[in-house]
Amino acid sequence: MTGLSISVIIPVLNEAQHLKQNLQRLFASFDALASVEVIICDGGSTDPSVQIARQFDCQVTISQPGRAHQMNAASKLATGDWLLFLHADTVLPDNWASQLNNNHQWGFFPVQLSGQHPFFDVIKKAINLRSRLSSIGTGDQTLFFKRSFFKLLQGFPLIPIMEDIAICKKARQWHKPNIAKDPVVTSSRRWEKNGIAKTIILMWRLRFAYWLGADPARLHQIYYPNLSPHKEPAVQLKPTPVIQVFAKPPIEGKVKTRLIPDIGAVKATHVFRHCLTYTLDLLRLSGCNYQIWLSEETQDSVFQHQAYHLQQGNSLGDKMLFALQSELLAQPNNKVILIGSDCLDLNQSHFDQALNALDTNDIVLLPTFDGGFALIGCRVIDAEIFDHVEWSSRGVLEQTINNAKLLNYQVHLLQTVRDIDTLSDLSHYPDLLSLIDHNQ
């Protein structure tokens with residue numbers, strides 16, 4: 001495994017009871033590993049699962065519920081050579097990473113149940129024998145794939161249950177699985193709660209029905225009777241457009257750094273705070289649904305103790321992609337706008353124009369005179385939209401447009417505005433210069 005990177009993907013739905021302890025164990029196993037990232041995709045938890053996940057050094061995203069949807073959504077954010085799909089109630093063996101054999105394209109682990117009942121040992125042996133003979137693992141056995149092979153398989157089939165069986169059937173047509181040596185330990189809570197015999201019969205019944213071609217949606221209703229009762233489908237409400245603002249806390253020396261050599265760190269911070277206040281006031285008065293995405297934690301009063309998200313990723317493109325995808329995965333086909341916090345030319349009409357343009361376009365951009373953009377709006381977003389964009393250069397807008405065209409996106413440009421990065425930009429706002437000088 002030397003030199004390879006691993007993305008551990010964990011789908012979560014109301015797993016607070018186990019999540020913290022299992023994440024602590026998982027992160028403890030990283031000590032000897034050079035390149036591991038963890039991506040947690042929540043399917044709409046109503047317990048503190050998301051809050052617990054954010055206590056750890058991992059990406060947290062959201063999608064519509066269903067393991068297939070969640071795992072596919074997280075896989076689009078993954079950068080590892082290997083994708084390892086771990087259930088929130090499953091614990092990996094100590095040397096798990098060394099068992100991802102680079103000579104194979106995919107595989108899974110043997111399984112062990114966490115309970116102490118003697119019959120669990122029989123169940124464990126039966127599951128492991130069946131999976132070896134059939135070359136089909138289950139989600140409880142922690143499936144893993146080379147990322148390139150997972151893309152070839154086109155991810156998990158979007159079915160409400162049996163997505164693990166379905167992808168294994170597809171994968172074994174191409175390559176034999178690598179079955180790891182040491183077992184994962186998965187929770188036996190369902191067996192203990194519903195009864196061992198009853199659970200065995202139910203699982204084999206569902207598997208046999210799936211083999212016969214039964215509708216996975218119907219099997220899901222049987223397996224999760226409390227989650228999918230026979231009701232009339234809920235009315236689908238039209239998604240509400242969302243505006244996301246990217247910002248930094250106004251910390252002296254960390255903001256408007258290109259202005260510092262000309263006006264000093266104190267004045268540069270005043271410029272930034274003025275622009276940030278203008279942007280936040282604009283959003284508050286707009287009546288729009290908006291989100292604040294910050295580069296780091298803060299208690300600064302300018303945010304008025306509002307809830308905020310933390311930006312996730314390395315480059316600016318990674319961070320923007322994460323924010324946009326988080327919203328679009330939660331509400332597919334919604335309109336999402338992302339803005340910066342240093343453009344005093346921005347106003348309500350830009351929001352209105354962008355949202356209207358998204359009726360007939362995939363991407364809307366608000367160009368700036370320095371070759372960048374102050375706003376991006378989208379209905380769809382692909383990981384390649386920001387590929388090879390040279391941020392803080394005059395080519396940002398052109399490179400983004402070129403990427404969009406390669407993706408066959410329809411792009412609409414609004415009228416060019418000015419943001420404030422340099423002394424030349426600042427000279428266009430004499431009232432702001434006077435205000436800053438007065439505050440000194």
# chains A, B, ... in the order shown; residues from 1 in each chain; ligands from 1
$ residues_around --residues "range 104-106 of chain A" --least-positions-apart "2" --cutoff "7 Å" --atoms "only C-alpha atoms" --output "mmCIF file with C-alpha atoms, in the first residue's frame"
data_model
loop_
_atom_site.group_PDB
_atom_site.id
_atom_site.type_symbol
_atom_site.label_atom_id
_atom_site.label_comp_id
_atom_site.auth_asym_id
_atom_site.auth_seq_id
_atom_site.Cartn_x
_atom_site.Cartn_y
_atom_site.Cartn_z
ATOM 1 C CA ASN A 101 -4.050 -5.700 -2.281
ATOM 2 C CA ASN A 102 -2.912 -3.517 -5.159
ATOM 3 C CA PHE A 144 -13.495 -1.604 -1.276
ATOM 4 C CA PHE A 145 -12.681 -0.683 -4.862
ATOM 5 C CA LYS A 146 -9.932 1.018 -6.767
ATOM 6 C CA PHE A 149 -12.665 0.553 -11.253
ATOM 7 C CA HIS A 175 -12.329 -9.334 -11.680
ATOM 8 C CA PRO A 177 -12.419 -10.056 -5.407
ATOM 9 C CA ASN A 178 -9.609 -9.741 -2.921
#
$ residues_around --residues "range 79-85 of chain A" --least-positions-apart "4" --cutoff "7 Å" --atoms "only C-alpha atoms" --output "PyMOL selection string"
chain A and resi 4-10+142-147
$ atom_distance --atom1 "CA of Leu152 in chain A" --atom2 "CA of Gln325 in chain A"
21.6 Å
$ closest_residue --among "A:Ser341, A:Gln99, A:Gln299, A:Thr416" --to "Val271 in chain A" --atoms "only C-alpha atoms"
A:Ser341
$ residues_around --residues "Leu344 in chain A" --least-positions-apart "6" --cutoff "10 Å" --atoms "only C-alpha atoms" --output "PyMOL selection string"
chain A and resi 274-276+278-279+417-420+429
$ select_by_dssp --residues "range 275-351 of chain A" --states "strand (DSSP E)" --output "ChimeraX atom specification"
/A:289-294,309-310,336-339
$ residues_around --residues "Ile251 in chain A" --least-positions-apart "3" --cutoff "10 Å" --atoms "only C-alpha atoms" --output "ChimeraX atom specification"
/A:248,254-256,265-266,269-270,272-273,298,300
$ atom_distance --atom1 "CA of Glu390 in chain A" --atom2 "CA of Lys319 in chain A"
14.3 Å
$ residues_around --residues "Asn333 in chain A" --least-positions-apart "5" --cutoff "8 Å" --atoms "only C-alpha atoms" --output "list in words"
Leu328, Arg379 and Val380 of chain A
$ write_last_selection --atoms "C-alpha atoms" --output "compact mmCIF listing (two decimals), in the first residue's frame"
# COMPACT_ATOMS: atom_id res chain seq x y z
CA LEU A 328 -27.27 20.11 -4.96
CA ARG A 379 -28.26 23.84 -11.35
CA VAL A 380 -25.69 21.08 -11.87
$ select_by_dssp --residues "range 348-413 of chain A" --states "helix (DSSP H, G or I)" --output "ChimeraX atom specification"
/A:348-357,383-386,396-406
$ atom_distance --atom1 "CA of Gln17 in chain A" --atom2 "CA of Phe156 in chain A"
26.5 Å
$ closest_residue --among "A:Met320, A:Leu346, A:Ala166, A:Leu355" --to "Asn334 in chain A" --atoms "only C-alpha atoms"
A:Leu355
$ residues_around --residues "Lys176 in chain A" --least-positions-apart "5" --cutoff "12 Å" --atoms "only C-alpha atoms" --output "MDAnalysis selection string"
chainID A and resid 103:108 131:137 145 168:171
$ closest_residue --among "A:Pro430, A:Pro183, A:Gly313, A:Pro65" --to "Ala78 in chain A" --atoms "only C-alpha atoms"
A:Gly313
